[in-house]
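Step one of this worksheet: look at the structure below.
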Amino acid sequence: MTPPPPPPPPPPGPDPAVDSAADPCSGPGSLVVLFGATAGALGPDLGSDETDLILLVWQVVELRSRQVGTLHKSLVRAEAAALSPQCREASGLSADSLAQAESLDKVLQQFSQLVSGDVAQLGGGPYVLCTDGQQLLRQVLHPEASRKNLVLPDIFFSFYDLRREFHMQHPSACSARDLTVATMAQDLGLETDATEDDFGVWEVKTMVAVILHLLEGPNGHLFSKPEVVKQKYETGPCSKADVVDSETVVRARGLPWQSSDQDVARFFQGLNIARGGVALCLNAQGRRNGEALIRFVDSEQRDLALQRHKHHMGIRYIEVYKATGEEFVKIAGGTSLEVARFLSQEDQVILRLRGLPFSAGPADVLGFLGPECPVTGGTEGLLFVRHPDGRPTGDAFALFACEELAQAALRKHKGMLGKRYIELFRSTAAEVQQVLNRYASSPLLPTLSAPLLPIPFPLAVGTGRDCVRLRGLPYTATIEDILGFLGDAAADIRPHGVHMVLNQQGRPSGDAFIQMMSAERALAAAQRCHKKVMKERYVEVVPCSTEEMSRVLMGGTLGRSGMSPPPCKLPSLLPAARVPAAPTPVAYYPGPATQLYMNYTAYYPSPPVSPTTVGYLATPPAALASTPTSVLSQPGALVRMQGVPYTAGVKDLLSVFQAYQLAPDDYTTLMPVGDPSRTLLQTPKEWVCL
């Protein structure tokens, strides 16, 4: 007689999540209670300092028979062996003990084998992880596995949060976020082993006791709805009519220029990003500016994302800040039905083609890509960008069914179509919306004209390369940081020769210009400081001329391909009758408290400062003497200041114009704008300076 075949092994994946979706009363056969620690912060800040995992402790609990498996503890070798004082005190571990441990990939293999053996010994069935809070999996394991290019087993993509399960049965307790293992045991009146001093063991034993008490409760609590970690970022469109919760959006700054939405999603690995929730921002030329808006599925995921502030993507640290839903919709939203149809196809890889001949049509693009790179849907998978009058712009977007086809198409980068070479880049749904919105509608910011304030000292225009341009500065860089970065070359800076360039939001753009004493000093500074590191970022230092610097400071751009003129002519911003014929060019800057109503793509330069101070300096008499008096004494010149704090007074406003020729005792030159019934003491939000 043939013996019966052995029973199949228990499935290791997150099958309970699928089963529970079909039957809300079903649940896993076993729970794997898991505890972990890193070499850095512990508790609610676990994973916020980007340190490696050093410890895993786990134990299997069979839910039906209430049996408990063997408790296992495994150390993990960390790349950075230095332990924080908090971790050293709590764990009692040392760098020497961790040096003898196994690497993370081997520990995970041992974990899977031991868990499968314990589950089979206790009766089999599907199993799911159970942790104390979200941090261990979302903030530690998944980000570290992503950094080390490790593939996590499927079991790590679903888990039960014991705090949330406890709060569901005991809603009168404090919020789930504020619960701890100790408080849960105390609320249930459980007796714990106070003599247990083995780090991690007490936590797992107490979590097991809490789980068994929940199962023996009056309602027999069932673990039926696990938390899910998305394995893949899903692309999708966004409409201008969508309402996005501001508590779910963050802004990431400092991204590498070549990063895609998948790279951003990988940076936030472990957190659930909403479908189509990565919007890469574009700069003046339609290129990515290193910023992105990310929308998460709920506020809890957003709060965890904020803890990744200054975590690294490669060698660059990324800044993460709160953002609003309106900002996300403004960047990612669209109204075109053509774009909505184009983006309605799911799980497609989007590529952008730039530099197409204006006469190129769908057949030309498909022929350029060739049969080895089929576009999804043929001509339906192509979207050409056009001006409002129907003229082509030379840009187009194409859809590909998989990553392999997109990679094959990217190999045609700078291939020839007719007499033009075509650039191909990865793109996103949000980038498609931004490009189409830019060409099909008015600029994102108004293009009203506003008067500019003349700087009371001239910039001598010349072609001599006696300036240096600093590119790639940290956004937090100050004048002192720049001086320290230049070192001995800072002694060769001209007075009022530091010009930091701001972006359209008035924030540092990462660029600055420095006027040196001579072209030789500028060249020497560039050779000495090029690609030196400032605050974990390397900074490019290249010589440039005063003319090139002036172009950028007045709203133009200066790239590797040369200069482009400012988006508006500065003399035309003033009435024709008031523009004097000055023998020496004078640089114009927006007032520090005013907004420059140029095209939204223009740079916003900050007023120049001397290398000895961060604030504004009184203008040297010699500089005033050399400046045309007709420019400084224009009768009736107006500057409107918007967004002034309600608490600002007259003296505060006068201090803003300290570097300009304004009589400090003439308080009649300030006039409030707004309700006529307001008095000067009520501090209106807008002022007009005469």
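Labels for the structure tokens follow display order: chains A, B, ..., residues from 1 in each chain, ligands from 1.
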
- Message: I need the residues of segment 139-349 of chain A that end up classed as alpha helix (DSSP H) by DSSP on the backbone, written out as a PyMOL selection string.
- Response: chain A and resi 142-147+162-169+181-188+201-215+261-267+299-306+325-332+337-343

- Shell around segment 338-343 of chain A at 10 Å using only C-alpha atoms, local window under 2 positions removed, as a PyMOL selection string: chain A and resi 235-239+334-336+345-348+350+380-383+397-399+428-430+432-433+436

- Message: Report as a VMD selection string all protein, DNA and RNA residues lying within 9 Å of Met549 of chain A, evaluated on only C-alpha atoms, omitting residues in the same chain fewer than 6 positions from it.
- Response: chain A and resid 467 to 469 513 to 514 558

Distance table requested - segment 129-158 of chain A against segment 72-86 of chain A, cut-off 12 Å, only C-alpha atoms: one row per qualifying residue with the closest atom pair and its distance in Å to one decimal, ordered by chain and rising residue number, as CSV.
```
residue,atom,partner,partner_atom,distance
A:Leu141,CA,A:Val76,CA,11.9
A:Glu144,CA,A:Ala78,CA,10.6
A:Arg147,CA,A:Glu79,CA,11.8
A:Lys148,CA,A:Glu79,CA,10.6
```

Please build the interface table for segment 458-550 of chain A against segment 312-326 of chain A with a cut-off of 10 Å, listing for each qualifying residue the nearest atom pair and the distance in Å to one decimal; count only C-alpha atoms, order rows by chain and increasing number, and write it as a Markdown table.
```
| residue | atom | partner | partner_atom | distance |
| --- | --- | --- | --- | --- |
| A:Pro474 | CA | A:Tyr317 | CA | 9.7 |
| A:Tyr475 | CA | A:Glu319 | CA | 9.3 |
| A:Lys535 | CA | A:Tyr317 | CA | 9.5 |
| A:Glu536 | CA | A:Arg316 | CA | 7.1 |
| A:Arg537 | CA | A:Arg316 | CA | 6.6 |
| A:Tyr538 | CA | A:Arg316 | CA | 9.4 |
```

Could you save the residues just selected, with C-alpha atoms, as a short mmCIF file (atom, residue, chain, number, x, y, z; two decimals), in the first residue's frame?
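What ended up in again02.cif:
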```cif
data_model
loop_
_atom_site.label_atom_id
_atom_site.label_comp_id
_atom_site.auth_asym_id
_atom_site.auth_seq_id
_atom_site.Cartn_x
_atom_site.Cartn_y
_atom_site.Cartn_z
CA PRO A 474 23.49 73.27 0.33
CA TYR A 475 20.22 75.11 0.81
CA LYS A 535 28.03 69.94 4.28
CA GLU A 536 28.22 66.55 2.54
CA ARG A 537 27.76 68.07 -0.94
CA TYR A 538 30.41 68.81 -3.49
#
```
